[in-house]
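Asker: Mind looking over this structure? Questions follow.
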Amino acid sequence: MQICIRTRVSQEAKAVFHQFDAQLFMRLAPPLPRVKLLRFDGCKKEDWVEIELNFIFFKQRWRSLITSQAEDDAMIFFVDEGVQLPFFLRYWHHEHQIVKQSPTESIIVDKINFRTPFLLFDYLLYPSLYLQFLYRIPIYKRTFSSKAKA
């Protein structure tokens, strides 16, 4: 299954990319399940991100590796791939793109490909994951507003 969410922000791409840190990662985490950040190396190739998801009655670990990161004239991107995933996921590939629009604007693109153990569960999980990424839009807009630079 694929999810793609685009958010226009009021900062240039390099400034946006340099703010993708542990603090932003935690602000982007939805209220449920609760997320505990165990490791955040950064957004460059070979960096690791590890979290613990707290579902009240049980906890699950999630480890992702940044498998690629690059920049060209059009965009900056990095990809995190799930290495250790919660039991309900079998595959996770998340491409983060920061597309250059102008000296004062960028578009953040979250492209997520995921699979669960069963095709039916892919469709059942899709709305929840989609909403979790929609949750990021106002956070991105606040964080990367022209006022936030000042």
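In the structure tokens, chains take letters A, B, ... by order of appearance, with residues numbered from 1 within each chain and ligands from 1 in the order shown.
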DSSP on the backbone: what in chain A comes out strand (DSSP E or B), as an NGL selection string?

Answerer: :A and (2-9 or 34-40 or 48-54 or 59-71 or 75-84 or 91-102 or 105-115)

Asker: What's the 9 Å shell around range 99-115 of chain A, counting only C-alpha atoms, without same-chain residues fewer than 4 positions away, as an MDAnalysis selection string?

Answerer: chainID A and resid 1:14 16 73:77 88:95 119 121:122 133 140 146

Asker: May I ask for the distance between CA of Lys45 in chain A and CA of Ile66 in chain A, given in Å to one decimal place?

Answerer: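 For CA of Lys45 in chain A relative to CA of Ile66 in chain A, the distance reads 5.0 Å.
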
Asker: Measure the distance from CA of Ile51 in chain A to CA of Leu120 in chain A in Å and round it to one decimal.

Answerer: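 Taking CA of Ile51 in chain A and CA of Leu120 in chain A, their separation equals 26.2 Å.
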
Asker: Can you check which residues of chain A DSSP gives as helix (DSSP H, G or I) on the backbone and send them as a PDB file with C-alpha atoms, in the first residue's frame?

Answerer:
```
ATOM      1  CA  ALA A  13      14.604  23.323   1.282  1.00  0.00           C
ATOM      2  CA  LYS A  14      18.035  23.347   2.969  1.00  0.00           C
ATOM      3  CA  ALA A  15      16.665  25.165   6.007  1.00  0.00           C
ATOM      4  CA  VAL A  16      13.850  22.617   6.233  1.00  0.00           C
ATOM      5  CA  PHE A  17      16.197  19.633   5.922  1.00  0.00           C
ATOM      6  CA  HIS A  18      18.516  20.930   8.644  1.00  0.00           C
ATOM      7  CA  ALA A  22      15.005  14.359  17.136  1.00  0.00           C
ATOM      8  CA  GLN A  23      12.933  17.262  18.464  1.00  0.00           C
ATOM      9  CA  LEU A  24      10.925  17.529  15.220  1.00  0.00           C
ATOM     10  CA  PHE A  25      10.592  13.744  15.083  1.00  0.00           C
ATOM     11  CA  MET A  26       8.904  13.755  18.503  1.00  0.00           C
ATOM     12  CA  ARG A  27       6.617  16.685  17.610  1.00  0.00           C
ATOM     13  CA  LEU A  28       5.472  14.761  14.532  1.00  0.00           C
ATOM     14  CA  LEU A 119      -3.551  -8.009   2.322  1.00  0.00           C
ATOM     15  CA  LEU A 120      -6.866  -7.404   4.079  1.00  0.00           C
ATOM     16  CA  PHE A 121      -5.005  -5.914   7.046  1.00  0.00           C
ATOM     17  CA  ASP A 122      -3.201  -3.526   4.627  1.00  0.00           C
ATOM     18  CA  TYR A 123      -6.599  -2.022   3.813  1.00  0.00           C
ATOM     19  CA  LEU A 124      -7.676  -1.949   7.452  1.00  0.00           C
ATOM     20  CA  LEU A 125      -4.461  -0.226   8.579  1.00  0.00           C
ATOM     21  CA  TYR A 126      -4.384   2.280   5.704  1.00  0.00           C
ATOM     22  CA  PRO A 127      -6.869   4.841   7.174  1.00  0.00           C
ATOM     23  CA  SER A 128      -5.055   4.919  10.504  1.00  0.00           C
ATOM     24  CA  LEU A 129      -1.641   5.445   8.906  1.00  0.00           C
ATOM     25  CA  TYR A 130      -3.048   8.017   6.492  1.00  0.00           C
ATOM     26  CA  LEU A 131      -4.489  10.035   9.390  1.00  0.00           C
ATOM     27  CA  GLN A 132      -1.192   9.817  11.294  1.00  0.00           C
ATOM     28  CA  PHE A 133       0.584  11.444   8.364  1.00  0.00           C
ATOM     29  CA  LEU A 134      -2.158  14.053   7.864  1.00  0.00           C
ATOM     30  CA  ARG A 136       1.914  16.186  10.449  1.00  0.00           C
ATOM     31  CA  ILE A 137       0.627  18.902   8.113  1.00  0.00           C
ATOM     32  CA  PRO A 138      -0.108  21.644  10.696  1.00  0.00           C
ATOM     33  CA  ILE A 139       3.101  20.775  12.576  1.00  0.00           C
ATOM     34  CA  TYR A 140       5.151  21.148   9.393  1.00  0.00           C
ATOM     35  CA  LYS A 141       3.389  24.425   8.568  1.00  0.00           C
ATOM     36  CA  ARG A 142       4.036  25.868  12.060  1.00  0.00           C
ATOM     37  CA  THR A 143       7.618  24.621  12.255  1.00  0.00           C
ATOM     38  CA  SER A 146       8.467  32.242   7.673  1.00  0.00           C
ATOM     39  CA  LYS A 147       7.804  33.461  11.242  1.00  0.00           C
ATOM     40  CA  ALA A 148       9.542  30.384  12.693  1.00  0.00           C
ATOM     41  CA  LYS A 149      12.805  31.428  10.994  1.00  0.00           C
TER      42      LYS A 149
END
```

Asker: Quick one: distance from CA of Asp41 in chain A to CA of Asp21 in chain A in Å, one decimal?

Answerer: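 Between CA of Asp41 in chain A and CA of Asp21 in chain A the gap works out to 8.7 Å.
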
Asker: For Glu52 in chain A, please output as a PyMOL selection string all residues within 8 Å (counting only C-alpha atoms; exclusion window: fewer than 2 positions along the same chain).

Answerer: chain A and resi 35-38+50+54+59-62

Asker: Write the residues you've just listed into a file as a PDB file, in the first residue's frame, and include C-alpha atoms for each of them.

Answerer:
```pdb
ATOM      1  CA  VAL A  35       6.221   7.039  21.293  1.00  0.00           C
ATOM      2  CA  LYS A  36       9.447   6.812  23.270  1.00  0.00           C
ATOM      3  CA  LEU A  37      12.523   7.797  21.276  1.00  0.00           C
ATOM      4  CA  LEU A  38      15.325   5.340  22.000  1.00  0.00           C
ATOM      5  CA  GLU A  50      14.679   3.465  17.094  1.00  0.00           C
ATOM      6  CA  ASN A  54       3.293   2.011  23.798  1.00  0.00           C
ATOM      7  CA  LYS A  59       4.871  -2.289  23.668  1.00  0.00           C
ATOM      8  CA  GLN A  60       6.553  -2.765  20.309  1.00  0.00           C
ATOM      9  CA  ARG A  61      10.005  -1.766  19.069  1.00  0.00           C
ATOM     10  CA  TRP A  62      10.560  -0.140  15.694  1.00  0.00           C
TER      11      TRP A  62
END
```
